[in-house]
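Here's the structure, in structure tokens; my notes come after.
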Amino acid sequence: MPYQYVKFGLLCCLTILLSFIPIHIKNEDKPVQVRDEKNTMEVRIGEVLKDQRLQGAIAGISVRAADTGEVIFDHFGDIRLRPASNMKLLTSAAALSVLGENYRLKTEVLTEGMVVGNILQGNVYLKGKGDPTLLKQDFDTFAKEIKKNGISMIQGDIVGDDSWYDSIRYSEDLPWSDETEYYGAQVSALTASPNEDFDAGTVIVNIKPGKKIGDFAQVSLHPKTDYVTLVNRIRTNNEPVSEEDESYKVYREHGTNTIVLEGTVSMSIIRERKWVPVWEPSLFALDLFRQSLLKQGIVHVGKIRMGFTPPTANVLYTHESMPLSELLNPFMKLSNNGHGEILVKEMGKRIKGEGSWEMGLDVMKSELSHLGMDVETMVIRDGSGISHVNLIPANEISRLLFNIQSKPWFPVFLNSLPVGGVSDRKIGGTLRNRMNEGISKERTRAKTGTITTVTSLAGYVEAKSGKTLIFSILINNVLDEEDAKEIEDRIVEILAES
């Protein structure tokens, strides 16, 4: 008999014998669970990522349990992607850790002169130390403090000193096209803001229709200043207002403080406002100071110029900004780019004695490493995220958001994040018009981010189960950023429903 037949016969006999042996499976500790695969977080997010609007784009997603740090969802989480303004999460965490939540930025008024009678014989120095929150009324206060010293005349120069930071005004990768946008304003240690949004280094251009069709529009500056020249070419018409396509444009000519307004404005509008950055904000601040001195009746005989404060100068008055714990609110909720760059330079100044991007980013990377991030897998070029060269993996952002929960300053950090679906811009910030419906509304605290072809969203969401989830969503190479934001919101909604 051939061997293969013998082998087959033995196997059959063995099978018959085994059928008579009872088999007992103990499963008392692990009951069988039926899982609805269609409703798991992984499956639902996977379906969202099939959206045709993401075709050709790449999404890095990382979701962690806030209590353990365990990664419970990962889609390209270790791929380096452009974070846009999610970079501000890193900057604010590093600044809180390095500077502290009570840190304040200063501005000083000094003199090297002598007061003879009511005349100050010598120069007055306005020394900026990075405060981006100086308003026109603060310069008025400076002038009042000088007058309190019995001074009604200054025989000497009024000197602006911005040497606390270096003279480089733009971060390394800021595109030239952003120079005339409010979010691309120059960074200086001596600067001023037009209102309490604190967009330092900008002025507000107010635009109203003329009194009749064909008239030039009525335009004005806030704060009022001769430092900027307006060239008004906007005419008034009676056409309906379109939010999608503005009928006019406002821009500053490169290298000048000439702001040009062109196009038409409808009779139906009440007022339009445009924020425009100035060229050399230090001189802008100095002009506001000059105005305030005149307002207080202080006569000035001398030049107005930039320079350095001598070490022998005496302090007449010191102004302090709000603490960092409060400054983080306009920085994070309104995504203020200038604040991010100022904080980078301030970290460099305080730790390494040099207020530059190079030294500041060095300090920032070191601190992020101490906070548990793998900085060797990142490219960090600025503090705001405006650079298209920044590269951060989603898993590293979620790791940071997990690690900092144990820090004493974490409540300040958490409070600075925009809250989804809350219409008050001081609370909802850049999420005030998102997540208006669904369970994620008011349960989500997260930082948004947008640059051309990029959107991002990262933060914390309270799930229906009562657990808090940490998430980071980076979407790059999109054709329409608004479409990508809708997809981000859908993912967060799925997390909130879990």
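By order in the structure tokens, chains are A, B, ...; within a chain, residues start at 1; ligands start at 1, following the order shown.
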Checklist entry - Would you give me, as a list in words, the residues in range 193-260 of chain A that DSSP reads as strand (DSSP E)? => result Thr202, Val203, Ile204, Val205, Asn206, Ile207, Lys208, Gln218, Val219, Ser220, Leu221, His222, Thr229, Leu230, Val231, Asn232, Arg233, Ile234, Arg235, Thr236, Asn237, Tyr248, Lys249, Val250, Tyr251, Arg252, Thr258, Ile259 and Val260 of chain A
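Residues lying within 9 Å of range 57-59 of chain A, counting only C-alpha atoms and ignoring same-chain neighbours fewer than 6 positions away, are Leu49, His75, Phe76, Gly77, Leu81, Ile473, Leu474, Ile475, Asn476, Asn477, Val478 and Leu479 of chain A.
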Next on the checklist: Need the shell around Lys249 in chain A: protein/DNA/RNA residues with any atom at most 8 Å away, counting only C-alpha atoms. Skip same-chain ones fewer than 2 positions apart. Format as a list in words?
Outcome noted: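 The residues that qualify are Glu246, Ser247, Tyr251, Leu261, Glu262 and Gly263 of chain A.
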May I have the selected residues written with N, CA, C and O atoms, as a PDB file, in the first residue's frame?
ATOM      1  N   GLU A 246     -15.068  91.827  -1.495  1.00  0.00           N
ATOM      2  CA  GLU A 246     -15.013  93.235  -1.134  1.00  0.00           C
ATOM      3  C   GLU A 246     -14.762  94.074  -2.382  1.00  0.00           C
ATOM      4  O   GLU A 246     -14.002  93.692  -3.263  1.00  0.00           O
ATOM      5  N   SER A 247     -15.374  95.220  -2.406  1.00  0.00           N
ATOM      6  CA  SER A 247     -15.271  96.076  -3.588  1.00  0.00           C
ATOM      7  C   SER A 247     -14.131  97.094  -3.454  1.00  0.00           C
ATOM      8  O   SER A 247     -13.987  97.962  -4.302  1.00  0.00           O
ATOM      9  N   TYR A 251      -4.049  98.868   1.388  1.00  0.00           N
ATOM     10  CA  TYR A 251      -2.711  98.308   1.504  1.00  0.00           C
ATOM     11  C   TYR A 251      -1.693  99.417   1.784  1.00  0.00           C
ATOM     12  O   TYR A 251      -1.918 100.585   1.466  1.00  0.00           O
ATOM     13  N   LEU A 261      -6.028 103.396  -0.357  1.00  0.00           N
ATOM     14  CA  LEU A 261      -7.371 102.823  -0.356  1.00  0.00           C
ATOM     15  C   LEU A 261      -7.944 102.975  -1.755  1.00  0.00           C
ATOM     16  O   LEU A 261      -8.007 104.094  -2.284  1.00  0.00           O
ATOM     17  N   GLU A 262      -8.369 101.876  -2.354  1.00  0.00           N
ATOM     18  CA  GLU A 262      -8.878 101.897  -3.724  1.00  0.00           C
ATOM     19  C   GLU A 262     -10.172 101.100  -3.821  1.00  0.00           C
ATOM     20  O   GLU A 262     -10.372 100.128  -3.086  1.00  0.00           O
ATOM     21  N   GLY A 263     -11.044 101.516  -4.764  1.00  0.00           N
ATOM     22  CA  GLY A 263     -12.257 100.763  -5.036  1.00  0.00           C
ATOM     23  C   GLY A 263     -13.505 101.564  -4.723  1.00  0.00           C
ATOM     24  O   GLY A 263     -13.513 102.802  -4.804  1.00  0.00           O
TER      25      GLY A 263
END
Next on the checklist: When you look at Val375 in chain A with a cut-off of 9 Å (counting only C-alpha atoms), what residues show up, excluding the ones that are within fewer than 4 positions of it in the same chain? I need them as a list in words.
Outcome noted: Lys365, Ser366, Leu368, Ser369, Val379, Ile380, Ile392 and Glu396 of chain A
Checklist entry - Could you name the residues that touch Val115 in chain A at 8 Å or less, counting only C-alpha atoms, but leaving out those on the same chain fewer than 5 positions away, as a PyMOL selection string? => result chain A and resi 120-121+151
Store the residues of this selection in a file with all heavy atoms, as an mmCIF file, in the first residue's frame.
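File produced: result-v9.cif:
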data_model
loop_
_atom_site.group_PDB
_atom_site.id
_atom_site.type_symbol
_atom_site.label_atom_id
_atom_site.label_comp_id
_atom_site.auth_asym_id
_atom_site.auth_seq_id
_atom_site.Cartn_x
_atom_site.Cartn_y
_atom_site.Cartn_z
ATOM 1 N N LEU A 120 13.254 120.694 32.013
ATOM 2 C CA LEU A 120 14.149 119.537 32.025
ATOM 3 C C LEU A 120 15.223 119.783 30.978
ATOM 4 O O LEU A 120 14.941 119.846 29.782
ATOM 5 C CB LEU A 120 13.383 118.250 31.718
ATOM 6 C CG LEU A 120 14.232 116.979 31.533
ATOM 7 C CD1 LEU A 120 15.028 116.664 32.794
ATOM 8 C CD2 LEU A 120 13.377 115.791 31.131
ATOM 9 N N GLN A 121 16.448 119.933 31.435
ATOM 10 C CA GLN A 121 17.565 120.178 30.530
ATOM 11 C C GLN A 121 18.284 118.852 30.266
ATOM 12 O O GLN A 121 19.090 118.391 31.071
ATOM 13 C CB GLN A 121 18.518 121.209 31.137
ATOM 14 C CG GLN A 121 17.882 122.573 31.330
ATOM 15 C CD GLN A 121 18.817 123.574 31.984
ATOM 16 O OE1 GLN A 121 19.817 123.210 32.604
ATOM 17 N NE2 GLN A 121 18.485 124.859 31.865
ATOM 18 N N ILE A 151 7.605 119.396 35.365
ATOM 19 C CA ILE A 151 8.244 119.713 34.079
ATOM 20 C C ILE A 151 7.205 120.219 33.084
ATOM 21 O O ILE A 151 6.197 119.555 32.841
ATOM 22 C CB ILE A 151 8.961 118.471 33.518
ATOM 23 C CG1 ILE A 151 10.052 118.002 34.487
ATOM 24 C CG2 ILE A 151 9.527 118.739 32.135
ATOM 25 C CD1 ILE A 151 10.612 116.633 34.164
#
Checklist entry - If you count only C-alpha atoms, which residues fall within 6 Å of range 283-286 of chain A, apart from same-chain ones fewer than 3 positions away, as a list in words? => result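 Those residues are Thr191, Ala192, Glu280 and Phe289 of chain A.
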Can you spit out the residues from that selection as a short mmCIF file (atom, residue, chain, number, x, y, z; two decimals), in the first residue's frame, using C-alpha atoms?
data_model
loop_
_atom_site.label_atom_id
_atom_site.label_comp_id
_atom_site.auth_asym_id
_atom_site.auth_seq_id
_atom_site.Cartn_x
_atom_site.Cartn_y
_atom_site.Cartn_z
CA THR A 191 5.55 99.35 19.82
CA ALA A 192 1.90 100.33 20.23
CA GLU A 280 8.92 100.85 11.85
CA PHE A 289 4.39 109.83 22.96
#
Checklist entry - CA of Ser472 in chain A and CA of Ser456 in chain A are how many Å apart? => result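 For CA of Ser472 in chain A relative to CA of Ser456 in chain A, the distance reads 7.7 Å.
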Checklist entry - Nearest to Pro240 in chain A among A:Ser266, A:Thr258, A:Ser387, A:Thr453, with distances taken over only C-alpha atoms: which residue is it? => result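 Once distances to Pro240 in chain A are computed over only C-alpha atoms, the minimum belongs to A:Ser266.
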Item to check | alpha helix (DSSP H) positions in range 65-102 of chain A, given as a ChimeraX atom specification | outcome: /A:87-98
Only all heavy atoms, please: the residues just picked out, written as a PDB file, in the first residue's frame.
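Wrote again.pdb, looks like this:
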ATOM      1  N   MET A  87       1.366  76.154  16.429  1.00  0.00           N
ATOM      2  CA  MET A  87       2.673  76.439  16.996  1.00  0.00           C
ATOM      3  C   MET A  87       2.548  77.267  18.269  1.00  0.00           C
ATOM      4  O   MET A  87       3.387  77.194  19.177  1.00  0.00           O
ATOM      5  CB  MET A  87       3.536  77.175  15.966  1.00  0.00           C
ATOM      6  CG  MET A  87       4.924  77.536  16.451  1.00  0.00           C
ATOM      7  SD  MET A  87       5.917  76.128  16.928  1.00  0.00           S
ATOM      8  CE  MET A  87       6.256  75.430  15.315  1.00  0.00           C
ATOM      9  N   LYS A  88       1.484  78.061  18.371  1.00  0.00           N
ATOM     10  CA  LYS A  88       1.284  78.893  19.550  1.00  0.00           C
ATOM     11  C   LYS A  88       1.086  78.059  20.811  1.00  0.00           C
ATOM     12  O   LYS A  88       1.332  78.540  21.921  1.00  0.00           O
ATOM     13  CB  LYS A  88       0.097  79.834  19.329  1.00  0.00           C
ATOM     14  CG  LYS A  88       0.326  80.878  18.235  1.00  0.00           C
ATOM     15  CD  LYS A  88      -0.878  81.794  18.087  1.00  0.00           C
ATOM     16  CE  LYS A  88      -0.625  82.919  17.090  1.00  0.00           C
ATOM     17  NZ  LYS A  88      -0.580  82.482  15.701  1.00  0.00           N
ATOM     18  N   LEU A  89       0.617  76.837  20.678  1.00  0.00           N
ATOM     19  CA  LEU A  89       0.512  75.944  21.833  1.00  0.00           C
ATOM     20  C   LEU A  89       1.888  75.710  22.441  1.00  0.00           C
ATOM     21  O   LEU A  89       2.064  75.726  23.664  1.00  0.00           O
ATOM     22  CB  LEU A  89      -0.109  74.608  21.420  1.00  0.00           C
ATOM     23  CG  LEU A  89      -1.565  74.631  20.961  1.00  0.00           C
ATOM     24  CD1 LEU A  89      -1.920  73.333  20.250  1.00  0.00           C
ATOM     25  CD2 LEU A  89      -2.493  74.856  22.151  1.00  0.00           C
ATOM     26  N   LEU A  90       2.878  75.507  21.574  1.00  0.00           N
ATOM     27  CA  LEU A  90       4.240  75.269  22.033  1.00  0.00           C
ATOM     28  C   LEU A  90       4.832  76.538  22.638  1.00  0.00           C
ATOM     29  O   LEU A  90       5.492  76.492  23.679  1.00  0.00           O
ATOM     30  CB  LEU A  90       5.105  74.784  20.874  1.00  0.00           C
ATOM     31  CG  LEU A  90       4.991  73.319  20.436  1.00  0.00           C
ATOM     32  CD1 LEU A  90       3.608  72.991  19.900  1.00  0.00           C
ATOM     33  CD2 LEU A  90       6.033  72.988  19.373  1.00  0.00           C
ATOM     34  N   THR A  91       4.585  77.678  21.980  1.00  0.00           N
ATOM     35  CA  THR A  91       5.140  78.942  22.456  1.00  0.00           C
ATOM     36  C   THR A  91       4.573  79.317  23.817  1.00  0.00           C
ATOM     37  O   THR A  91       5.315  79.731  24.722  1.00  0.00           O
ATOM     38  CB  THR A  91       4.845  80.061  21.448  1.00  0.00           C
ATOM     39  OG1 THR A  91       5.334  79.675  20.159  1.00  0.00           O
ATOM     40  CG2 THR A  91       5.491  81.374  21.864  1.00  0.00           C
ATOM     41  N   SER A  92       3.265  79.189  23.981  1.00  0.00           N
ATOM     42  CA  SER A  92       2.655  79.583  25.255  1.00  0.00           C
ATOM     43  C   SER A  92       3.082  78.658  26.383  1.00  0.00           C
ATOM     44  O   SER A  92       3.351  79.122  27.500  1.00  0.00           O
ATOM     45  CB  SER A  92       1.130  79.617  25.135  1.00  0.00           C
ATOM     46  OG  SER A  92       0.630  78.355  24.741  1.00  0.00           O
ATOM     47  N   ALA A  93       3.181  77.350  26.117  1.00  0.00           N
ATOM     48  CA  ALA A  93       3.629  76.415  27.148  1.00  0.00           C
ATOM     49  C   ALA A  93       5.063  76.727  27.568  1.00  0.00           C
ATOM     50  O   ALA A  93       5.387  76.764  28.770  1.00  0.00           O
ATOM     51  CB  ALA A  93       3.518  74.978  26.645  1.00  0.00           C
ATOM     52  N   ALA A  94       5.935  76.982  26.588  1.00  0.00           N
ATOM     53  CA  ALA A  94       7.325  77.302  26.902  1.00  0.00           C
ATOM     54  C   ALA A  94       7.420  78.617  27.666  1.00  0.00           C
ATOM     55  O   ALA A  94       8.184  78.735  28.633  1.00  0.00           O
ATOM     56  CB  ALA A  94       8.149  77.373  25.624  1.00  0.00           C
ATOM     57  N   ALA A  95       6.638  79.632  27.249  1.00  0.00           N
ATOM     58  CA  ALA A  95       6.692  80.939  27.907  1.00  0.00           C
ATOM     59  C   ALA A  95       6.207  80.851  29.349  1.00  0.00           C
ATOM     60  O   ALA A  95       6.796  81.458  30.254  1.00  0.00           O
ATOM     61  CB  ALA A  95       5.863  81.957  27.129  1.00  0.00           C
ATOM     62  N   LEU A  96       5.136  80.101  29.593  1.00  0.00           N
ATOM     63  CA  LEU A  96       4.643  79.928  30.957  1.00  0.00           C
ATOM     64  C   LEU A  96       5.689  79.229  31.820  1.00  0.00           C
ATOM     65  O   LEU A  96       5.877  79.567  32.992  1.00  0.00           O
ATOM     66  CB  LEU A  96       3.343  79.129  30.953  1.00  0.00           C
ATOM     67  CG  LEU A  96       2.085  79.906  30.548  1.00  0.00           C
ATOM     68  CD1 LEU A  96       0.926  78.949  30.280  1.00  0.00           C
ATOM     69  CD2 LEU A  96       1.700  80.912  31.628  1.00  0.00           C
ATOM     70  N   SER A  97       6.361  78.258  31.232  1.00  0.00           N
ATOM     71  CA  SER A  97       7.361  77.500  31.971  1.00  0.00           C
ATOM     72  C   SER A  97       8.618  78.327  32.234  1.00  0.00           C
ATOM     73  O   SER A  97       9.194  78.275  33.319  1.00  0.00           O
ATOM     74  CB  SER A  97       7.714  76.224  31.208  1.00  0.00           C
ATOM     75  OG  SER A  97       8.506  75.359  31.990  1.00  0.00           O
ATOM     76  N   VAL A  98       9.054  79.125  31.257  1.00  0.00           N
ATOM     77  CA  VAL A  98      10.290  79.901  31.375  1.00  0.00           C
ATOM     78  C   VAL A  98      10.075  81.205  32.138  1.00  0.00           C
ATOM     79  O   VAL A  98      10.844  81.555  33.044  1.00  0.00           O
ATOM     80  CB  VAL A  98      10.868  80.210  29.973  1.00  0.00           C
ATOM     81  CG1 VAL A  98      12.017  81.205  30.059  1.00  0.00           C
ATOM     82  CG2 VAL A  98      11.335  78.931  29.299  1.00  0.00           C
TER      83      VAL A  98
END
